[in-house]
$ cat run08.cif   # mmCIF, C-alpha atoms
data_structure
loop_
_atom_site.label_atom_id
_atom_site.label_comp_id
_atom_site.auth_asym_id
_atom_site.auth_seq_id
_atom_site.Cartn_x
_atom_site.Cartn_y
_atom_site.Cartn_z
CA MET Z 271 -14.60 -20.52 11.11
CA LEU Z 272 -12.68 -17.79 12.92
CA HIS Z 273 -14.94 -18.35 15.91
CA HIS Z 274 -14.44 -22.10 15.78
CA TYR Z 275 -10.66 -22.18 15.37
CA GLY Z 276 -9.83 -19.06 17.40
CA ASP Z 277 -6.15 -18.19 17.43
CA ASP Z 278 -5.28 -21.14 15.17
CA ALA Z 279 -6.96 -19.39 12.25
CA ARG Z 280 -6.11 -16.17 10.47
CA PRO Z 281 -8.24 -14.42 7.87
CA ILE Z 282 -6.41 -13.69 4.64
CA ALA Z 283 -7.50 -11.18 1.99
CA GLY Z 284 -4.69 -9.60 -0.02
CA GLY Z 285 -2.06 -11.44 1.98
CA GLN Z 286 0.52 -8.69 1.54
CA SER Z 287 1.37 -8.66 5.25
CA LEU Z 288 0.40 -12.16 6.32
CA ALA Z 289 2.11 -14.02 3.46
CA PRO Z 290 5.54 -12.46 4.20
CA MET Z 291 5.01 -13.19 7.92
CA MET Z 292 4.31 -16.81 7.01
CA ALA Z 293 7.27 -16.97 4.63
CA MET Z 294 9.51 -15.86 7.47
CA ARG Z 295 7.73 -18.27 9.86
CA LEU Z 296 6.76 -15.36 12.09
CA ALA Z 297 3.17 -16.51 11.68
CA ARG Z 298 2.18 -20.17 11.39
CA PRO Z 299 -1.59 -20.26 11.27
CA ALA Z 300 -3.02 -23.76 11.08
CA TRP Z 301 -6.02 -22.39 9.19
CA LEU Z 302 -6.21 -19.65 6.64
CA VAL Z 303 -9.69 -18.29 6.02
CA ASP Z 304 -9.76 -16.67 2.60
CA ILE Z 305 -12.11 -13.69 2.79
CA ASP Z 306 -11.00 -12.20 -0.51
CA GLY Z 307 -14.06 -13.54 -2.30
CA ILE Z 308 -16.48 -11.54 -0.14
CA THR Z 309 -17.46 -8.88 -2.68
CA GLY Z 310 -19.70 -7.21 -0.08
CA LEU Z 311 -16.52 -6.00 1.66
CA LYS Z 312 -15.27 -4.15 -1.42
CA TYR Z 313 -16.87 -0.72 -1.79
CA ILE Z 314 -16.09 2.97 -1.68
CA ARG Z 315 -18.95 5.39 -1.16
CA VAL Z 316 -19.69 8.77 0.32
CA ASP Z 317 -22.42 8.75 2.93
CA GLY Z 318 -23.08 12.23 4.36
CA ASP Z 319 -19.93 13.41 6.12
CA ARG Z 320 -18.24 10.00 5.91
CA LEU Z 321 -16.31 8.17 3.22
CA ARG Z 322 -17.27 4.55 3.78
CA THR Z 323 -14.82 1.93 2.56
CA GLY Z 324 -15.26 -1.81 2.77
CA ALA Z 325 -12.40 -3.56 4.56
CA GLY Z 326 -11.73 -5.75 1.51
CA THR Z 327 -11.21 -2.75 -0.77
CA ARG Z 328 -7.82 -2.90 -2.45
CA GLN Z 329 -5.43 -0.09 -1.60
CA ARG Z 330 -4.93 0.49 -5.30
CA ALA Z 331 -8.67 0.84 -5.92
CA LEU Z 332 -8.91 3.55 -3.29
CA GLU Z 333 -5.80 5.28 -4.61
CA ARG Z 334 -7.41 5.48 -8.06
CA ASP Z 335 -10.82 6.55 -6.80
CA ALA Z 336 -11.40 10.21 -7.69
CA LEU Z 337 -14.27 10.58 -5.21
CA ALA Z 338 -12.10 9.31 -2.35
CA GLY Z 339 -9.27 11.59 -3.45
CA ARG Z 340 -11.54 14.62 -3.34
CA SER Z 341 -13.33 13.82 -0.12
CA VAL Z 342 -10.44 12.48 1.99
CA PRO Z 343 -7.25 13.73 0.36
CA LEU Z 344 -5.09 12.64 3.31
CA LEU Z 345 -5.97 9.06 2.51
CA SER Z 346 -4.80 9.36 -1.09
CA ALA Z 347 -1.62 11.07 0.10
CA ALA Z 348 -0.94 8.26 2.59
CA LEU Z 349 -1.54 5.53 -0.01
CA GLN Z 350 1.27 6.87 -2.20
CA TRP Z 351 3.64 5.75 0.52
CA VAL Z 352 2.16 2.26 1.06
CA GLY Z 353 4.47 -0.39 -0.40
CA HIS Z 354 4.53 -0.51 -4.19
CA ALA Z 355 1.97 -0.78 -6.96
CA GLN Z 356 2.46 -4.56 -6.94
CA THR Z 357 1.54 -4.84 -3.28
CA ARG Z 358 -1.20 -2.19 -3.38
CA ASN Z 359 -2.86 -4.18 -6.16
CA ARG Z 360 -3.48 -6.98 -3.63
CA GLY Z 361 -3.29 -5.33 -0.23
CA THR Z 362 -6.55 -4.30 1.41
CA LEU Z 363 -7.52 -1.50 3.77
CA GLY Z 364 -8.80 -3.78 6.49
CA GLY Z 365 -5.74 -5.99 6.20
CA SER Z 366 -3.36 -3.12 6.72
CA LEU Z 367 -5.27 -1.90 9.78
CA ALA Z 368 -5.65 -5.36 11.31
CA HIS Z 369 -1.94 -6.03 10.78
CA ALA Z 370 -1.27 -2.92 12.91
CA ASP Z 371 2.34 -2.30 12.03
CA PRO Z 372 3.22 0.80 14.08
CA SER Z 373 5.04 2.37 11.14
CA ALA Z 374 2.41 1.59 8.50
CA GLU Z 375 0.73 4.50 6.78
CA LEU Z 376 -2.96 3.58 6.82
CA PRO Z 377 -3.17 3.09 10.60
CA LEU Z 378 -1.61 6.55 11.04
CA ALA Z 379 -4.04 8.13 8.56
CA ALA Z 380 -6.94 6.41 10.35
CA CYS Z 381 -5.81 7.81 13.72
CA VAL Z 382 -5.21 11.34 12.45
CA LEU Z 383 -8.63 11.43 10.81
CA ASP Z 384 -10.28 9.67 13.77
CA ALA Z 385 -11.77 7.07 11.43
CA GLU Z 386 -14.40 4.72 12.74
CA ILE Z 387 -13.73 1.01 12.38
CA GLY Z 388 -16.70 -1.31 11.96
CA VAL Z 389 -16.03 -4.79 13.29
CA ARG Z 390 -18.08 -7.95 12.99
CA SER Z 391 -18.12 -11.49 14.35
CA ILE Z 392 -20.81 -14.12 14.67
CA ARG Z 393 -21.47 -12.60 18.09
CA GLY Z 394 -22.44 -9.29 16.56
CA ARG Z 395 -21.13 -5.96 15.39
CA ARG Z 396 -19.32 -3.11 17.12
CA ARG Z 397 -17.65 0.12 16.13
CA LEU Z 398 -14.29 1.33 17.38
CA ARG Z 399 -12.38 4.57 17.00
CA ALA Z 400 -9.12 4.04 15.15
CA GLY Z 401 -7.18 5.22 18.18
CA ASP Z 402 -8.73 2.43 20.26
CA LEU Z 403 -8.07 -0.27 17.65
CA PHE Z 404 -4.30 -0.20 17.98
CA THR Z 405 -3.08 -1.48 21.33
CA GLY Z 406 0.56 -2.26 20.53
CA PRO Z 407 2.92 -3.28 17.73
CA MET Z 408 1.02 -5.76 15.51
CA THR Z 409 -1.63 -5.88 18.21
CA THR Z 410 -5.22 -4.70 18.03
CA ALA Z 411 -8.30 -4.69 20.22
CA LEU Z 412 -9.89 -7.25 17.86
CA ASP Z 413 -10.84 -10.64 19.25
CA ALA Z 414 -9.69 -13.73 17.34
CA ASP Z 415 -13.10 -14.19 15.76
CA GLU Z 416 -13.60 -10.56 14.75
CA LEU Z 417 -13.15 -9.13 11.28
CA ILE Z 418 -12.90 -5.50 10.26
CA GLU Z 419 -15.88 -4.86 8.04
CA GLU Z 420 -15.75 -1.16 7.25
CA ILE Z 421 -13.63 1.91 7.76
CA ALA Z 422 -15.56 5.19 7.85
CA TRP Z 423 -13.35 8.22 7.19
CA PRO Z 424 -14.64 11.64 8.30
CA ILE Z 425 -14.87 14.16 5.45
CA TRP Z 426 -13.78 17.68 6.36
CA SER Z 427 -16.08 19.91 4.39
CA ASP Z 428 -14.44 23.19 5.50
CA ALA Z 429 -13.98 25.60 2.61
CA ARG Z 430 -10.27 25.79 3.29
CA ALA Z 431 -8.87 22.43 4.37
CA GLY Z 432 -5.51 20.92 3.55
CA SER Z 433 -3.67 17.75 4.41
CA ALA Z 434 -0.23 16.24 3.98
CA PHE Z 435 1.58 12.97 4.56
CA THR Z 436 5.33 12.58 4.67
CA GLU Z 437 7.84 10.02 5.86
CA VAL Z 438 11.44 8.93 5.89
CA SER Z 439 12.28 5.33 5.05
CA ILE Z 440 15.44 3.47 4.10
CA ARG Z 441 14.17 2.80 0.57
CA HIS Z 442 11.09 4.06 -1.19
CA GLY Z 443 8.21 1.71 -0.44
CA ASP Z 444 9.71 0.34 2.76
CA PHE Z 445 8.00 0.80 6.06
CA ALA Z 446 8.66 4.24 7.44
CA LEU Z 447 11.32 4.91 10.04
CA VAL Z 448 8.99 7.72 10.98
CA ALA Z 449 5.89 9.01 9.22
CA ALA Z 450 3.83 12.12 9.92
CA ALA Z 451 0.37 13.13 8.76
CA ALA Z 452 -1.51 16.37 9.26
CA GLN Z 453 -4.80 17.94 8.34
CA VAL Z 454 -5.88 21.52 9.03
CA ALA Z 455 -8.85 23.76 8.30
CA LEU Z 456 -8.56 27.55 8.11
CA ASP Z 457 -11.12 30.32 8.26
CA GLY Z 458 -11.37 33.12 5.68
CA GLU Z 459 -8.69 35.09 7.53
CA GLY Z 460 -6.27 32.18 7.53
CA ARG Z 461 -6.76 31.31 11.19
CA CYS Z 462 -6.80 27.68 12.23
CA LEU Z 463 -10.29 26.33 12.84
CA ARG Z 464 -9.12 22.83 13.66
CA ALA Z 465 -6.04 20.72 13.17
CA SER Z 466 -5.07 17.12 13.62
CA PHE Z 467 -1.67 15.55 13.31
CA GLY Z 468 0.09 12.34 14.25
CA VAL Z 469 3.24 10.28 14.03
CA GLY Z 470 3.84 6.67 13.01
CA GLY Z 471 6.93 4.53 13.56
CA ALA Z 472 8.01 6.38 16.69
CA ASP Z 473 6.02 4.48 19.30
CA ALA Z 474 4.19 1.17 19.79
CA THR Z 475 1.20 2.48 17.84
CA PRO Z 476 0.48 5.57 15.74
CA VAL Z 477 0.15 8.56 18.08
CA VAL Z 478 -2.05 11.62 17.65
CA PHE Z 479 -1.87 14.83 19.67
CA PRO Z 480 -5.33 16.35 20.02
CA GLU Z 481 -4.38 18.56 23.00
CA ILE Z 482 -1.42 20.10 21.22
CA ALA Z 483 -3.46 20.49 18.04
CA ARG Z 484 -6.12 22.37 20.01
CA THR Z 485 -3.55 24.92 21.20
CA LEU Z 486 -3.07 25.88 17.54
CA THR Z 487 -6.72 26.78 17.06
CA GLY Z 488 -7.07 30.47 16.30
CA SER Z 489 -3.41 30.85 15.31
CA ARG Z 490 -2.29 31.47 11.75
CA LEU Z 491 -0.15 28.33 11.89
CA GLU Z 492 2.99 30.34 11.33
CA ASP Z 493 6.19 28.30 11.02
CA ASP Z 494 7.27 29.11 14.58
CA ALA Z 495 4.01 27.95 16.16
CA VAL Z 496 4.10 24.78 14.07
CA ALA Z 497 7.70 24.09 15.10
CA VAL Z 498 6.86 24.48 18.78
CA ALA Z 499 3.89 22.13 18.45
CA ALA Z 500 6.00 19.56 16.61
CA ALA Z 501 8.75 19.72 19.21
CA SER Z 502 6.39 19.32 22.14
CA ALA Z 503 4.65 16.39 20.41
CA SER Z 504 7.98 14.61 20.00
CA THR Z 505 8.70 14.77 23.71
CA LEU Z 506 5.56 12.66 24.32
CA LEU Z 507 6.78 9.81 22.11
CA GLU Z 508 8.61 6.72 23.25
CA PRO Z 509 10.41 5.61 20.12
CA GLY Z 510 11.94 2.17 19.79
CA GLU Z 511 15.48 1.52 18.71
CA ASP Z 512 16.71 -0.87 16.02
CA LEU Z 513 19.42 -1.41 13.46
CA HIS Z 514 18.02 1.33 11.25
CA ALA Z 515 17.51 4.19 13.66
CA SER Z 516 18.18 5.12 17.25
CA ALA Z 517 15.41 6.40 19.50
CA ALA Z 518 16.96 9.87 19.44
CA TYR Z 519 16.99 9.91 15.64
CA ARG Z 520 13.36 8.81 15.49
CA ARG Z 521 12.42 11.58 17.90
CA HIS Z 522 14.33 14.07 15.79
CA LEU Z 523 12.58 12.82 12.64
CA SER Z 524 9.22 13.19 14.37
CA THR Z 525 9.87 16.85 15.09
CA VAL Z 526 11.03 17.57 11.57
CA LEU Z 527 8.34 15.56 9.78
CA VAL Z 528 5.41 16.81 11.88
CA ALA Z 529 6.46 20.39 11.19
CA ARG Z 530 6.83 19.61 7.48
CA ALA Z 531 3.46 17.90 7.25
CA MET Z 532 1.76 20.74 9.14
CA ARG Z 533 3.30 23.41 6.91
CA GLU Z 534 2.33 21.53 3.75
CA ALA Z 535 -1.22 21.00 5.01
CA ARG Z 536 -1.46 24.69 5.95
CA ASP Z 537 -0.15 25.83 2.57
CA ARG Z 538 -2.65 23.62 0.76
CA ALA Z 539 -5.47 25.00 2.88
CA ARG Z 540 -4.32 28.56 2.25
CA ALA Z 541 -4.11 27.95 -1.50
CA GLN Z 542 -7.65 26.61 -1.51
CA GLY Z 543 -9.29 29.80 -0.38
CA ALA Z 544 -6.84 32.14 -2.08
CA GLU Z 545 -9.20 33.27 -4.85
CA ARG Z 546 -11.99 33.98 -2.43
CA VAL Z 547 -9.88 36.04 -0.08
CA GLN Z 548 -8.57 38.32 -2.80
CA MET F 72 -3.26 -28.77 9.07
CA THR F 73 -4.84 -30.78 6.34
CA ALA F 74 -3.33 -32.23 3.20
CA ARG F 75 -6.54 -31.54 1.32
CA SER F 76 -6.09 -30.39 -2.24
CA TYR F 77 -8.15 -27.94 -4.22
CA ARG F 78 -9.20 -27.95 -7.86
CA ILE F 79 -8.36 -24.73 -9.60
CA SER F 80 -8.67 -23.30 -13.07
CA ILE F 81 -6.47 -20.36 -14.01
CA GLU F 82 -5.92 -18.79 -17.41
CA VAL F 83 -2.16 -18.51 -17.84
CA ASN F 84 -0.86 -16.63 -20.87
CA GLY F 85 -4.13 -17.17 -22.71
CA ARG F 86 -4.45 -20.87 -21.94
CA VAL F 87 -6.71 -22.30 -19.26
CA ARG F 88 -4.74 -24.52 -16.90
CA GLU F 89 -6.44 -26.82 -14.45
CA SER F 90 -4.76 -28.40 -11.53
CA GLU F 91 -5.23 -29.97 -8.14
CA ILE F 92 -3.04 -28.32 -5.57
CA PRO F 93 -2.48 -27.90 -1.84
CA ALA F 94 -3.81 -24.70 -0.27
CA ARG F 95 -0.40 -23.34 0.70
CA LEU F 96 1.27 -23.64 -2.71
CA THR F 97 2.34 -20.16 -3.77
CA LEU F 98 1.49 -18.96 -7.25
CA VAL F 99 5.14 -18.63 -8.22
CA ASP F 100 5.90 -22.21 -7.18
CA TRP F 101 2.92 -23.49 -9.15
CA LEU F 102 3.93 -21.55 -12.26
CA ARG F 103 7.52 -22.77 -12.11
CA GLU F 104 7.20 -26.29 -10.80
CA GLU F 105 3.95 -27.48 -12.29
CA LEU F 106 3.64 -25.43 -15.46
CA HIS F 107 7.43 -25.21 -15.94
CA LEU F 108 7.11 -21.51 -16.68
CA THR F 109 10.48 -20.75 -15.16
CA GLY F 110 10.72 -17.23 -16.55
CA THR F 111 9.14 -15.94 -13.35
CA HIS F 112 11.92 -15.91 -10.78
CA VAL F 113 11.90 -16.59 -7.06
CA GLY F 114 13.99 -14.05 -5.22
CA CYS F 115 13.35 -13.03 -1.65
CA GLU F 116 10.10 -15.00 -1.23
CA HIS F 117 8.62 -12.31 0.98
CA GLY F 118 7.54 -9.58 -1.34
CA ILE F 119 10.53 -7.25 -1.32
CA CYS F 120 12.49 -7.93 -4.50
CA GLY F 121 9.84 -8.07 -7.22
CA ALA F 122 11.53 -10.86 -9.22
CA CYS F 123 8.35 -12.96 -9.06
CA SER F 124 6.05 -10.23 -10.45
CA VAL F 125 3.27 -11.42 -12.74
CA LEU F 126 0.14 -9.77 -14.06
CA LEU F 127 -3.08 -10.82 -12.33
CA ASP F 128 -6.03 -9.70 -14.45
CA GLY F 129 -3.62 -7.22 -16.04
CA GLU F 130 -2.28 -5.71 -12.82
CA PRO F 131 1.23 -6.40 -11.50
CA VAL F 132 1.34 -8.46 -8.30
CA ARG F 133 3.88 -10.52 -6.37
CA ALA F 134 3.48 -14.22 -7.18
CA CYS F 135 5.36 -15.19 -4.01
CA LEU F 136 2.76 -13.48 -1.80
CA MET F 137 -0.23 -15.23 -3.34
CA PHE F 138 -1.43 -18.70 -2.79
CA THR F 139 -2.36 -20.34 -6.06
CA VAL F 140 -5.90 -21.02 -4.84
CA GLN F 141 -6.40 -17.26 -4.56
CA ALA F 142 -5.84 -16.94 -8.31
CA ASP F 143 -8.56 -19.49 -9.11
CA GLY F 144 -10.78 -18.15 -11.87
CA HIS F 145 -8.40 -15.29 -12.66
CA ARG F 146 -6.09 -14.48 -15.55
CA VAL F 147 -2.32 -14.61 -15.06
CA THR F 148 0.31 -13.31 -17.46
CA THR F 149 3.93 -14.27 -16.92
CA VAL F 150 7.00 -12.96 -18.71
CA GLU F 151 6.56 -15.78 -21.25
CA GLY F 152 3.24 -14.17 -22.14
CA LEU F 153 4.89 -10.87 -23.13
CA ALA F 154 6.42 -12.33 -26.31
CA ARG F 155 4.84 -11.68 -29.72
CA GLN F 156 2.45 -14.21 -31.22
CA ASP F 157 5.25 -15.85 -33.20
CA GLY F 158 7.40 -16.27 -30.09
CA ARG F 159 9.86 -13.47 -30.81
CA PRO F 160 10.49 -11.02 -27.98
CA GLY F 161 8.10 -8.05 -27.73
CA GLU F 162 9.08 -4.40 -28.20
CA LEU F 163 9.76 -3.94 -24.51
CA GLN F 164 11.99 -7.00 -24.42
CA ASP F 165 13.84 -5.81 -27.53
CA ALA F 166 14.38 -2.45 -25.87
CA PHE F 167 15.87 -4.17 -22.80
CA CYS F 168 18.36 -5.98 -25.07
CA GLU F 169 19.28 -2.86 -26.99
CA ALA F 170 19.74 -0.65 -23.94
CA HIS F 171 21.75 -3.30 -22.04
CA ALA F 172 19.09 -3.20 -19.36
CA LEU F 173 20.20 -6.50 -17.87
CA GLN F 174 23.35 -8.14 -16.72
CA CYS F 175 22.65 -11.22 -14.63
CA GLY F 176 18.99 -11.20 -15.69
CA TYR F 177 17.56 -12.25 -12.37
CA CYS F 178 15.34 -9.21 -11.90
CA THR F 179 14.51 -8.88 -15.60
CA PRO F 180 11.21 -10.81 -15.71
CA GLY F 181 9.88 -8.71 -12.83
CA MET F 182 11.14 -5.50 -14.43
CA LEU F 183 9.48 -6.43 -17.72
CA ILE F 184 6.17 -7.14 -15.98
CA ALA F 185 6.30 -3.86 -14.03
CA ALA F 186 7.23 -1.91 -17.17
CA HIS F 187 4.59 -3.65 -19.26
CA ALA F 188 1.90 -2.75 -16.73
CA LEU F 189 3.12 0.84 -16.64
CA LEU F 190 3.05 1.28 -20.42
CA GLY F 191 -0.40 -0.30 -20.57
CA GLU F 192 -1.74 2.33 -18.22
CA ASN F 193 0.47 5.25 -19.18
CA PRO F 194 1.94 4.97 -22.70
CA ARG F 195 4.22 8.03 -22.38
CA PRO F 196 5.52 7.99 -18.80
CA THR F 197 8.01 10.55 -17.50
CA GLU F 198 11.31 9.36 -16.10
CA ALA F 199 9.97 9.87 -12.57
CA GLU F 200 6.91 7.76 -13.36
CA ILE F 201 9.12 5.00 -14.75
CA ARG F 202 11.26 5.04 -11.62
CA GLU F 203 8.15 4.93 -9.45
CA ALA F 204 6.78 1.97 -11.45
CA ILE F 205 9.93 -0.12 -11.00
CA ALA F 206 10.56 1.02 -7.41
CA GLY F 207 9.23 -2.30 -6.18
CA ASN F 208 11.78 -4.28 -8.20
CA LEU F 209 15.36 -4.66 -7.02
CA CYS F 210 18.26 -4.87 -9.47
CA ARG F 211 21.75 -5.39 -8.12
CA CYS F 212 23.63 -5.06 -11.44
CA THR F 213 22.56 -2.22 -13.65
CA GLY F 214 22.12 0.71 -11.30
CA TYR F 215 18.68 1.02 -12.94
CA GLN F 216 19.69 3.70 -15.46
CA GLN F 217 19.69 1.38 -18.49
CA ILE F 218 16.39 -0.12 -17.36
CA VAL F 219 14.85 3.35 -17.30
CA ASP F 220 16.41 4.05 -20.72
CA ALA F 221 14.96 0.81 -22.10
CA ILE F 222 11.46 1.58 -20.89
CA GLU F 223 11.65 5.11 -22.33
CA ALA F 224 12.85 3.66 -25.66
CA ALA F 225 10.08 1.06 -25.69
CA ALA F 226 7.49 3.76 -24.98
CA ALA F 227 8.79 5.79 -27.93
CA THR F 228 8.79 2.75 -30.25
CA LEU F 229 5.28 1.76 -29.26
CA ALA F 230 4.02 5.35 -29.69
CA LYS F 231 5.60 5.56 -33.16
CA ARG F 232 4.05 2.26 -34.16
CA LYS F 233 0.64 3.48 -33.04
CA VAL F 234 0.95 6.60 -35.23
CA GLU F 235 1.87 4.48 -38.26
#
$ encode --input "run08.cif" --output "C-alpha cells"
Amino acid sequence: MLHHYGDDARPIAGGQSLAPMMAMRLARPAWLVDIDGITGLKYIRVDGDRLRTGAGTRQRALERDALAGRSVPLLSAALQWVGHAQTRNRGTLGGSLAHADPSAELPLAACVLDAEIGVRSIRGRRRLRAGDLFTGPMTTALDADELIEEIAWPIWSDARAGSAFTEVSIRHGDFALVAAAAQVALDGEGRCLRASFGVGGADATPVVFPEIARTLTGSRLEDDAVAVAAASASTLLEPGEDLHASAAYRRHLSTVLVARAMREARDRARAQGAERVQ
Amino acid sequence: MTARSYRISIEVNGRVRESEIPARLTLVDWLREELHLTGTHVGCEHGICGACSVLLDGEPVRACLMFTVQADGHRVTTVEGLARQDGRPGELQDAFCEAHALQCGYCTPGMLIAAHALLGENPRPTEAEIREAIAGNLCRCTGYQQIVDAIEAAAATLAKRKVE
C-alpha cells in the first residue's frame, strides 16, 4: 500500500507522533496504513553482540525488558526521558526513529550507539547506520514506501563500561531543549578504551563526535579532559533558535550536558570494575 | 479519502460494545459521543494534557491519540469503570474526595486512570514514583500536592484492606 500510494500514505503504529501531527493538521495523510497488528515486528532478543529489536516494539516493553537493560543500558536510560508512561505504552521504537524529531531521545541513542537500522519495502531490504538515517528535522533517508523493520543495537561487552543520558526540557516528558548521551569503556587501570557521545536538540539531527571521542582514548577521562571535549563538540553544532531557547543557550547546554553525561558514564564504568581493581 | 466504515468490537468497562465507525474517529470521541461515557475528558487533543487517559488492556494510554479502530479486539477501562460493583466510588476516588485532590475536576479522570495504573503495578509507591506516574497529566488548579496526598492515602487504605 505504501508503494502504491507513495507520499499520500503514512504508516501508523503507536501513533504517538503522527496522531498529534494530524490533530494539529501538520500532517494530512490521505491514507493511514495501520502496521500495529504486525506481531512479527514486535520482538526483543540478543543475537551475539547485538540487541535486536523489532520496529513495532513498544517503548514501554523495551523499558521493562531486563535483558535489554543489562545489554544496552544507554537505551533504558534514554527511554526514561521519552514522553510519559501513557505515550510509551503506545509509542514504538521504529515510529520514534522514523519521525526523526531532532530533539527526540531514541534517535540520539541510536546515533551514539551506532545502531543499525533494517529497512524494508516491496523492492527489497537494506540496512542503514543510524547516523545516515537522519537527514534533517523530521526527515529521514527512507523512501515513501520503506518501513523500518528492525533496530540492531551494538552491545558493549567490555568489563568496565558505563553510559548516561541527560537532558534539559521545559517540563518533564517534553521534548528536550538539548539532550546528551554518552557511553565509555575503561581498562583495568581506568584508562579510556573507547567512548562515544552525542547531542540532540542542538542541530537539525542528532550529532555524534567520533573524532573528539577518539582523542579521549587512553586518557583517564578526568573532569578537565571531559570539559575540553564537551566544549569543542559544542563549537561544531549549529543550534536552532525558538521561543524556548536561543542558539547560544542551546550551545551552552550542549557543553554542560555532554560533560555531565560523560562524567556519569565514566563513574558508572569505574564503579563496575571497582571490586576487581582492589 | 474514503467514507468507508469499519466494524469493531471493543470491551469497555467489562461490556463488549460493537459499532460501525469511520477510520479517523478517535477513541475518546467514540467513548464520549457514541457510548456517552463522558467521564473521559477531551483536553488538548494532541497528547499533552492527559485528560483523556484510559486503560487499554490495563495500561494507561491517551484516548485522543488513538483511532478507535486501533482498539478493535482490545479491552478499554474508562474512569466509569473504576467505580465499585455497586456503583459507589472506589477507594482511589474516595481518597481524591477526602484529600481535596480536585477543584475544577477537568484533569481528574486522567489523574485517576494514571494513579489506578500506578497502584496496580506498584501498590506502595514513593512520592517520587507518584509524581513520575502523574507527570503526563496536567492540573491547573491543585498544584498537584493534594493529588499526591490522595494517591498516597489510597495506597495506604488499599494496603490495609489487603492485610485484613
$ atom_distance --input "run08.cif" --atom1 "CA of Met291 (chain Z)" --atom2 "CA of Met408 (chain Z)"
11.3 Å
$ resolve_selection --input "run08.cif" --expression "the PyMOL selection byres ((chain Z and resi 491) around 10)" --output "PDB file with C-alpha atoms, in the frame of the given file"
ATOM      1  CA  VAL Z 454      -5.880  21.520   9.030  1.00  0.00           C
ATOM      2  CA  LEU Z 456      -8.560  27.550   8.110  1.00  0.00           C
ATOM      3  CA  GLY Z 460      -6.270  32.180   7.530  1.00  0.00           C
ATOM      4  CA  ARG Z 461      -6.760  31.310  11.190  1.00  0.00           C
ATOM      5  CA  CYS Z 462      -6.800  27.680  12.230  1.00  0.00           C
ATOM      6  CA  ALA Z 465      -6.040  20.720  13.170  1.00  0.00           C
ATOM      7  CA  LEU Z 486      -3.070  25.880  17.540  1.00  0.00           C
ATOM      8  CA  THR Z 487      -6.720  26.780  17.060  1.00  0.00           C
ATOM      9  CA  GLY Z 488      -7.070  30.470  16.300  1.00  0.00           C
ATOM     10  CA  SER Z 489      -3.410  30.850  15.310  1.00  0.00           C
ATOM     11  CA  ARG Z 490      -2.290  31.470  11.750  1.00  0.00           C
ATOM     12  CA  GLU Z 492       2.990  30.340  11.330  1.00  0.00           C
ATOM     13  CA  ASP Z 493       6.190  28.300  11.020  1.00  0.00           C
ATOM     14  CA  ASP Z 494       7.270  29.110  14.580  1.00  0.00           C
ATOM     15  CA  ALA Z 495       4.010  27.950  16.160  1.00  0.00           C
ATOM     16  CA  VAL Z 496       4.100  24.780  14.070  1.00  0.00           C
ATOM     17  CA  ALA Z 497       7.700  24.090  15.100  1.00  0.00           C
ATOM     18  CA  ALA Z 499       3.890  22.130  18.450  1.00  0.00           C
ATOM     19  CA  MET Z 532       1.760  20.740   9.140  1.00  0.00           C
ATOM     20  CA  ARG Z 533       3.300  23.410   6.910  1.00  0.00           C
ATOM     21  CA  ARG Z 536      -1.460  24.690   5.950  1.00  0.00           C
ATOM     22  CA  ASP Z 537      -0.150  25.830   2.570  1.00  0.00           C
TER      23      ASP Z 537
END
$ closest_residue --input "run08.cif" --among "F:Leu96, F:Gln217, F:Val87, F:Glu151" --to "Ala74 (chain F)" --atoms "all atoms listed in the file"
F:Leu96
$ residues_around --input "run08.cif" --residues "Thr357 (chain Z)" --least-positions-apart "5" --cutoff "7 Å" --atoms "only C-alpha atoms" --output "ChimeraX atom specification"
/Z:286 /F:132-133
$ atom_distance --input "run08.cif" --atom1 "CA of Pro407 (chain Z)" --atom2 "CA of Ile308 (chain Z)"
27.6 Å
$ resolve_selection --input "run08.cif" --expression "the PyMOL selection byres ((chain Z) within 12 of (chain F))" --output "VMD selection string"
chain Z and resid 275 278 to 279 282 to 296 298 to 307 330 to 331 350 to 361 441 to 445
$ closest_residue --input "run08.cif" --among "Z:Ala429, Z:Leu507, Z:Leu311, Z:Ile418" --to "Thr525 (chain Z)" --atoms "only C-alpha atoms"
Z:Leu507
$ atom_distance --input "run08.cif" --atom1 "CA of Cys175 (chain F)" --atom2 "CA of His187 (chain F)"
20.1 Å
$ residues_around --input "run08.cif" --residues "Leu412 (chain Z)" --least-positions-apart "2" --cutoff "12 Å" --atoms "only C-alpha atoms" --output "ChimeraX atom specification"
/Z:272,276-277,364,367-370,387-391,395-398,400,402-406,408-410,414-419
$ write_last_selection --input "run08.cif" --atoms "C-alpha atoms" --output "compact mmCIF listing (two decimals), keeping the file's coordinate frame"
# COMPACT_ATOMS: atom_id res chain seq x y z
CA LEU Z 272 -12.68 -17.79 12.92
CA GLY Z 276 -9.83 -19.06 17.40
CA ASP Z 277 -6.15 -18.19 17.43
CA GLY Z 364 -8.80 -3.78 6.49
CA LEU Z 367 -5.27 -1.90 9.78
CA ALA Z 368 -5.65 -5.36 11.31
CA HIS Z 369 -1.94 -6.03 10.78
CA ALA Z 370 -1.27 -2.92 12.91
CA ILE Z 387 -13.73 1.01 12.38
CA GLY Z 388 -16.70 -1.31 11.96
CA VAL Z 389 -16.03 -4.79 13.29
CA ARG Z 390 -18.08 -7.95 12.99
CA SER Z 391 -18.12 -11.49 14.35
CA ARG Z 395 -21.13 -5.96 15.39
CA ARG Z 396 -19.32 -3.11 17.12
CA ARG Z 397 -17.65 0.12 16.13
CA LEU Z 398 -14.29 1.33 17.38
CA ALA Z 400 -9.12 4.04 15.15
CA ASP Z 402 -8.73 2.43 20.26
CA LEU Z 403 -8.07 -0.27 17.65
CA PHE Z 404 -4.30 -0.20 17.98
CA THR Z 405 -3.08 -1.48 21.33
CA GLY Z 406 0.56 -2.26 20.53
CA MET Z 408 1.02 -5.76 15.51
CA THR Z 409 -1.63 -5.88 18.21
CA THR Z 410 -5.22 -4.70 18.03
CA ALA Z 414 -9.69 -13.73 17.34
CA ASP Z 415 -13.10 -14.19 15.76
CA GLU Z 416 -13.60 -10.56 14.75
CA LEU Z 417 -13.15 -9.13 11.28
CA ILE Z 418 -12.90 -5.50 10.26
CA GLU Z 419 -15.88 -4.86 8.04
$ residues_around --input "run08.cif" --residues "Thr179 (chain F)" --least-positions-apart "2" --cutoff "12 Å" --atoms "all atoms listed in the file" --output "MDAnalysis selection string"
chainID F and resid 110:114 120:125 149:151 163:164 167:168 171:177 181:187 205 208:213 215 217:218 221
